[in-house]
Protein chains: 2
Amino acid sequence: MTDYFNARILLDPKEVPKQWVNILPDLPTPMTPLINPMDGKPAPFELAAAIFPKECVIQEVSQEPTIPIPKELREIYARSHRPTPLHRAYGLEKELGVEGEEIKIFYKNESVSPTGSHKPNTALAQAYYAKADGINELVTETGAGQWGSGLSYGCSLFNITCTVYMVRASFLQKPGRKILMRSYDGEVHASPSRFTESGRSYYENDPDHPGSLGIAISEAVEHSLRSEKIRYSLGSVVNFVCLHQTVVGQETQQQLKKAGIDQPDIVIGCMGGGSNFSGMAIPFARDKIRGDAPDIQIIGVEPRACPSVCKGKYTWDYGDSAKKAPILKMHTLGHNFIPSPIHAGGLRYHGIAPIVSNLYNNGVIEATMHHQLEVIEAGMLFAKAEGILPAPETNHAVKEAMNQALKAKEKNEKKTIVFNFSGHGYFDLLAYKEYMTGELENFELSEEKIQKSINDADMPQIDESAF
Amino acid sequence: MTDYFNARILLDPKEVPKQWVNILPDLPTPMTPLINPMDGKPAPFELAAAIFPKECVIQEVSQEPTIPIPKELREIYARSHRPTPLHRAYGLEKELGVEGEEIKIFYKNESVSPTGSHKPNTALAQAYYAKADGINELVTETGAGQWGSGLSYGCSLFNITCTVYMVRASFLQKPGRKILMRSYDGEVHASPSRFTESGRSYYENDPDHPGSLGIAISEAVEHSLRSEKIRYSLGSVVNFVCLHQTVVGQETQQQLKKAGIDQPDIVIGCMGGGSNFSGMAIPFARDKIRGDAPDIQIIGVEPRACPSVCKGKYTWDYGDSAKKAPILKMHTLGHNFIPSPIHAGGLRYHGIAPIVSNLYNNGVIEATMHHQLEVIEAGMLFAKAEGILPAPETNHAVKEAMNQALKAKEKNEKKTIVFNFSGHGYFDLLAYKEYMTGELENFELSEEKIQKSINDADMPQIDESAF
């Protein structure tokens, strides 16, 4: 008989992971370095440390398979919200007609953090390391606002100023996020803004410019170079952010073991810059690479309006439109690509974490994509079945988990599916309202537009033989 | 040394209380009955059971000191979000300058429920009992929207239709709540509406009428009498709702024991209709009445714009403006009292739970009140210190906990303070925005206005010798 008291699998605060999982030494092919956009060469430590907190720069290239989480930071994770619950989605299983023990769906509930998403996992770490370095301001960009809220929260805990450049489309769509950031004393500017050179050109051409993560990154990087006491903070893409997120996958592994499951069959996360996906996927990917779980299927889900991995080119590209952020080797739609204004603002990035690209190229993970209407519809069903309204980004994972469950049922297969429930949608209600009133639309992205964006991108030429 | 890993005290889902605490047999003076507004006599079982689910009517007058929670309902509590965490407010203590082990502040985090407040505790129970009775629709009113969301959620879990009359002031202030309710398939009408006789007179006079909980109750009760398959659902005030909420106080007691605290010194909750306050207070009040914790101080906190207990009259009054809901003996500002449009919409009720009135009259609990500006300011401080932005209602409890901690420090007293963190403010961001922009104001309520409202109220004459 079903024991519903086991539907939410909890860990004790003392079980917050003691270390992060660094996938770099286990990657099947070597990781490419961050490249300095000024000279096209690997960024030296001193340069990177002028942009990011020192310890993060060390973590970015570390070859240690695990990196200890400082005790003070573990305590803050524990006080804040970690470990997060893992839920058996009994309600969703019933709704899909896959009840029973053949097909099991689990979701890792990162929405219970104070700001409602997985973002504090790295925000708290970066604020901690910045404080340790004597930094007094962190500056960043944000798409949907989840990252900006997370960092504002982190900075408020460590008494550091937080400045956020928020993509204007989201700034207008999500006034609540702005207020939340300000309640943590975060400074929020709509991007493109008139406060930086990078933003001013766009802003003066069109003060209503919807913006993009690429432009907002340029503004934040520029701002961070104004003083030695300011550092830039990234919420995704780079290695150390993916590293910090691995608390998610590690806890999930512990919790699945508590539920009697040694390894799941399918692991799913949505992908924008790739951080929540990596956080869930990396511990499983390491087991897969090492041969401990060779058959595990790991799926990243992109929006059809911005499918960097599914449709992009694997090449060196700028991290941002103004070519101020590091150059990365990754799947990209071109650094000038402006995605359609889907509600999943956190997935509107032209590239993807180099770690994700590497895992994809080596066949460790796969990628798929969904349209806006179908993912919001999946979110509505999830809300009725499980009670929690997902963030538009998260719905990409919800939709794929549903698809995989139905596929398994059709094929009469036993499957354990686990996905990262990266955030709730309580600040994204407009997306649901538009769905309910029939105003929500899909954005078709033609192959031609993708090819043109990539071809016109003026990708940097990097001499790989030099490193 | 402080062990921050104990900052969040969790219970296992299996530790969801097995029973509710019924305070009725322990009350120092007998509880007054619900009176039928049609004839001024105690409502017979059949009549009450035509309005509410049968089991709730039995619970309303039960003299059993504990009432078992059905296993299926306990499972649903556990799957949904219970037990909720109890947090030691280390961040707030530091902010207030009361760090150390002399003054301890704890808060019971009811904001982790899917709809963000304590309301599902009774919503799930009522939907469960309604389903058991073969009812296919529950209808209710909501102020701030917390109750409407909670009931919509509960009904969606049991496949029952949910209809909500929402006080227009909140309907306009909190569009997010509406969308959330609709995402659970709830039907939401602004009240006063044109769909009921009770609403129509107000609506036709003024289609922009801000409404009140009293009017919305009238509309919901009228709607519920349309069919035998519809029942009315209340989110506060009556005994069985206070009963269902006692999971909160019981879990808190277990959690405090885990923290090595036998009894706290001060227990705090905000009061509108009185349900979240009762849920926290009742288990402690029973211990106090029985002499197990005679010195415990239990404080209910009201808004200065609607101070039923602090300034109202203890008398028989109608539960709603249209005199359709049961008559109750309680502290009341008069059933026609329209409170100023404070953001704490859930506290805008003219009366209070008879249980609370009884406990207050017998000196078991005390009451105090605060102004809108000071409570929102307290919420801002709480957000920065603890990360969670409180609901405007909840801020009344936050403010009082802060005051008590500072008072203890001044007097050099040892105090353990615990309060019910009844909900988060992520749907109430307008209140914070107005605070930040200096638009937020206090509403002064003169003694004259209170006296006039009570004197003009045309209170029902009830012959108490008849029961």
# chains A, B, ... in the order shown; residues from 1 in each chain; ligands from 1

call {"tool": "closest_atom_pairs", "arguments": {"of": "chain A", "to": "chain B", "cutoff": "8 Å", "atoms": "only C-alpha atoms", "output": "tab-separated table"}}
result
residue	atom	partner	partner_atom	distance
A:Tyr4	CA	B:Glu75	CA	5.5
A:Phe5	CA	B:Pro13	CA	5.6
A:Asn6	CA	B:Pro13	CA	7.3
A:Ala7	CA	B:Arg79	CA	5.5
A:Arg8	CA	B:Arg79	CA	6.1
A:Leu10	CA	B:Asp12	CA	7.4
A:Asp12	CA	B:Leu10	CA	7.4
A:Pro13	CA	B:Phe5	CA	5.6
A:Lys14	CA	B:Phe5	CA	5.7
A:Glu75	CA	B:Tyr4	CA	5.5
A:Ile76	CA	B:Tyr4	CA	7.7
A:Ala78	CA	B:Phe5	CA	5.8
A:Arg79	CA	B:Ala7	CA	5.5
A:Ser80	CA	B:Gly387	CA	7.5
A:Val112	CA	B:Val112	CA	7.0
A:Pro114	CA	B:Ile388	CA	5.3
A:Thr115	CA	B:Ile388	CA	7.6
A:Tyr153	CA	B:Gly387	CA	6.5
A:Ser156	CA	B:Lys384	CA	6.0
A:Leu157	CA	B:Ala385	CA	7.0
A:Gly176	CA	B:Leu429	CA	6.2
A:Ile179	CA	B:Lys433	CA	6.2
A:Leu180	CA	B:Leu429	CA	7.5
A:Ser183	CA	B:Met380	CA	6.2
A:Tyr184	CA	B:Lys384	CA	5.3
A:Asp185	CA	B:Lys384	CA	7.8
A:Met380	CA	B:Ser183	CA	6.2
A:Ala383	CA	B:Tyr184	CA	6.7
A:Lys384	CA	B:Tyr184	CA	5.3
A:Ala385	CA	B:Leu157	CA	7.0
A:Glu386	CA	B:Ser80	CA	7.8
A:Gly387	CA	B:Pro114	CA	5.6
A:Ile388	CA	B:Pro114	CA	5.3
A:Leu389	CA	B:Ser183	CA	7.9
A:Tyr426	CA	B:Tyr426	CA	7.1
A:Phe427	CA	B:Tyr426	CA	7.5
A:Leu429	CA	B:Gly176	CA	6.2
A:Tyr432	CA	B:Ile179	CA	7.2
A:Lys433	CA	B:Ile179	CA	6.2

call {"tool": "write_last_selection", "arguments": {"atoms": "N, CA and C atoms", "output": "CSV table (one decimal), in the first residue's frame"}}
result
chain,number,residue,atom,x,y,z
A,4,TYR,N,1.8,7.4,2.0
A,4,TYR,CA,1.8,8.8,1.6
A,4,TYR,C,2.7,9.7,2.6
A,5,PHE,N,2.9,9.2,3.8
A,5,PHE,CA,3.8,9.9,4.7
A,5,PHE,C,5.3,10.0,4.2
A,6,ASN,N,5.5,9.2,3.1
A,6,ASN,CA,6.9,9.2,2.5
A,6,ASN,C,6.9,10.1,1.2
A,7,ALA,N,5.8,10.8,1.0
A,7,ALA,CA,5.7,11.6,-0.2
A,7,ALA,C,6.7,12.7,-0.3
A,8,ARG,N,6.9,13.3,0.9
A,8,ARG,CA,8.0,14.3,0.9
A,8,ARG,C,9.2,13.8,1.7
A,10,LEU,N,12.5,14.3,3.4
A,10,LEU,CA,13.2,15.4,4.0
A,10,LEU,C,14.6,14.9,4.5
A,12,ASP,N,17.7,16.2,7.3
A,12,ASP,CA,18.0,17.0,8.5
A,12,ASP,C,18.9,18.2,8.0
A,13,PRO,N,18.8,19.4,8.6
A,13,PRO,CA,19.7,20.5,8.2
A,13,PRO,C,21.2,20.1,8.4
A,14,LYS,N,21.5,19.2,9.3
A,14,LYS,CA,22.9,18.7,9.4
A,14,LYS,C,23.3,17.9,8.2
A,75,GLU,N,26.2,26.4,7.4
A,75,GLU,CA,25.3,26.9,8.4
A,75,GLU,C,24.2,27.8,7.8
A,76,ILE,N,24.7,28.7,6.9
A,76,ILE,CA,23.8,29.7,6.3
A,76,ILE,C,22.8,28.9,5.4
A,78,ALA,N,21.8,26.0,5.9
A,78,ALA,CA,20.8,25.3,6.8
A,78,ALA,C,19.8,26.3,7.4
A,79,ARG,N,20.3,27.5,7.8
A,79,ARG,CA,19.4,28.4,8.3
A,79,ARG,C,18.4,29.0,7.3
A,80,SER,N,18.9,29.1,6.1
A,80,SER,CA,18.0,29.6,5.0
A,80,SER,C,16.9,28.6,4.6
A,112,VAL,N,11.4,26.3,-2.3
A,112,VAL,CA,11.2,26.6,-0.9
A,112,VAL,C,12.2,27.6,-0.4
A,114,PRO,N,13.9,31.3,0.3
A,114,PRO,CA,13.2,32.5,0.5
A,114,PRO,C,12.9,33.3,-0.7
A,115,THR,N,13.7,33.2,-1.8
A,115,THR,CA,13.4,34.0,-3.0
A,115,THR,C,12.7,33.1,-4.0
A,153,TYR,N,19.2,38.9,-1.8
A,153,TYR,CA,19.1,38.2,-0.5
A,153,TYR,C,20.4,37.8,0.1
A,156,SER,N,22.2,40.8,1.4
A,156,SER,CA,21.6,41.4,2.6
A,156,SER,C,22.1,40.6,3.8
A,157,LEU,N,22.3,39.3,3.6
A,157,LEU,CA,22.8,38.5,4.8
A,157,LEU,C,24.2,38.8,5.2
A,176,GLY,N,6.8,42.7,-9.3
A,176,GLY,CA,6.9,42.1,-8.0
A,176,GLY,C,8.4,41.7,-7.6
A,179,ILE,N,10.3,44.8,-6.4
A,179,ILE,CA,10.0,45.1,-5.0
A,179,ILE,C,10.6,44.2,-4.1
A,180,LEU,N,10.6,42.9,-4.5
A,180,LEU,CA,11.3,41.9,-3.6
A,180,LEU,C,12.8,42.2,-3.5
A,183,SER,N,13.3,45.1,-1.3
A,183,SER,CA,13.0,44.8,0.2
A,183,SER,C,14.3,44.2,0.8
A,184,TYR,N,15.2,43.6,0.0
A,184,TYR,CA,16.5,43.2,0.5
A,184,TYR,C,17.5,44.3,0.3
A,185,ASP,N,17.1,45.5,0.0
A,185,ASP,CA,18.0,46.6,-0.2
A,185,ASP,C,18.7,46.5,-1.5
A,380,MET,N,-0.1,24.5,-15.4
A,380,MET,CA,-1.4,24.5,-14.9
A,380,MET,C,-1.8,23.1,-14.3
A,383,ALA,N,0.0,22.5,-11.1
A,383,ALA,CA,-0.6,23.3,-9.9
A,383,ALA,C,-1.8,22.5,-9.4
A,384,LYS,N,-2.6,22.1,-10.3
A,384,LYS,CA,-3.8,21.4,-9.8
A,384,LYS,C,-3.5,20.0,-9.1
A,385,ALA,N,-2.5,19.4,-9.7
A,385,ALA,CA,-2.1,18.0,-9.2
A,385,ALA,C,-1.3,18.1,-7.9
A,386,GLU,N,-0.3,19.1,-7.8
A,386,GLU,CA,0.6,19.1,-6.7
A,386,GLU,C,0.5,20.3,-5.8
A,387,GLY,N,-0.3,21.3,-6.3
A,387,GLY,CA,-0.5,22.4,-5.4
A,387,GLY,C,0.4,23.6,-5.6
A,388,ILE,N,1.6,23.4,-6.2
A,388,ILE,CA,2.5,24.5,-6.4
A,388,ILE,C,2.5,24.9,-7.8
A,389,LEU,N,2.4,26.3,-8.0
A,389,LEU,CA,2.4,26.8,-9.4
A,389,LEU,C,3.9,27.0,-9.8
A,426,TYR,N,5.0,32.3,-8.4
A,426,TYR,CA,4.2,33.3,-7.8
A,426,TYR,C,4.5,34.7,-8.1
A,427,PHE,N,5.7,34.9,-8.8
A,427,PHE,CA,6.0,36.2,-9.3
A,427,PHE,C,5.8,36.3,-10.9
A,429,LEU,N,2.8,35.5,-12.5
A,429,LEU,CA,1.4,35.1,-12.7
A,429,LEU,C,0.8,35.6,-14.0
A,432,TYR,N,0.4,33.0,-16.5
A,432,TYR,CA,-0.8,32.1,-16.3
A,432,TYR,C,-2.1,32.9,-16.7
A,433,LYS,N,-2.1,34.2,-16.4
A,433,LYS,CA,-3.2,35.0,-16.7
A,433,LYS,C,-3.4,35.0,-18.3

call {"tool": "closest_residue", "arguments": {"among": "B:Leu213, B:Ala466, B:Ile160, B:Leu234", "to": "Lys119 (chain B)", "atoms": "only C-alpha atoms"}}
result
B:Leu234

call {"tool": "closest_residue", "arguments": {"among": "B:Met31, B:Val57, B:Val398, B:Ile417", "to": "Leu256 (chain B)", "atoms": "only C-alpha atoms"}}
result
B:Ile417

call {"tool": "select_by_dssp", "arguments": {"residues": "region 8-119 of chain A", "states": "strand (DSSP E or B)", "output": "MDAnalysis selection string"}}
result
chainID A and resid 8:9 19:21 35 42 66:68 86:88 103:109 117

call {"tool": "closest_residue", "arguments": {"among": "B:Thr142, B:Asn362, B:Ser465, B:Thr196", "to": "Ser170 (chain B)", "atoms": "only C-alpha atoms"}}
result
B:Thr142

call {"tool": "atom_distance", "arguments": {"atom1": "CA of Gly273 (chain A)", "atom2": "CA of Glu55 (chain A)"}}
result
21.3 Å

call {"tool": "select_by_dssp", "arguments": {"residues": "region 270-360 of chain A", "states": "helix (DSSP H, G or I)", "output": "MDAnalysis selection string"}}
result
chainID A and resid 275:289 308:311 345:347 354:360

call {"tool": "residues_around", "arguments": {"residues": "Ala457 (chain A)", "least_positions_apart": "6", "cutoff": "8 Å", "atoms": "only C-alpha atoms", "output": "JSON, numbers by chain"}}
result
{"A": [334, 335, 336]}

call {"tool": "residues_around", "arguments": {"residues": "Glu197 (chain B)", "least_positions_apart": "5", "cutoff": "10 Å", "atoms": "only C-alpha atoms", "output": "count of residues only"}}
result
8

call {"tool": "closest_residue", "arguments": {"among": "A:Ile268, A:Ala190, A:Ile352, A:Ile462", "to": "Gly249 (chain A)", "atoms": "only C-alpha atoms"}}
result
A:Ile268

call {"tool": "residues_around", "arguments": {"residues": "Pro207 (chain A)", "least_positions_apart": "3", "cutoff": "12 Å", "atoms": "only C-alpha atoms", "output": "count of residues only"}}
result
15

call {"tool": "atom_distance", "arguments": {"atom1": "CA of Glu137 (chain A)", "atom2": "CA of Ser149 (chain A)"}}
result
15.0 Å

call {"tool": "atom_distance", "arguments": {"atom1": "CA of His331 (chain A)", "atom2": "CA of Val237 (chain A)"}}
result
11.3 Å

call {"tool": "residues_around", "arguments": {"residues": "Leu333 (chain A)", "least_positions_apart": "2", "cutoff": "6 Å", "atoms": "only C-alpha atoms", "output": "PyMOL selection string"}}
result
chain A and resi 308+312+350+454

call {"tool": "closest_residue", "arguments": {"among": "A:Val301, A:Cys162, A:Ile327, A:Ile376", "to": "Glu441 (chain A)", "atoms": "only C-alpha atoms"}}
result
A:Ile376
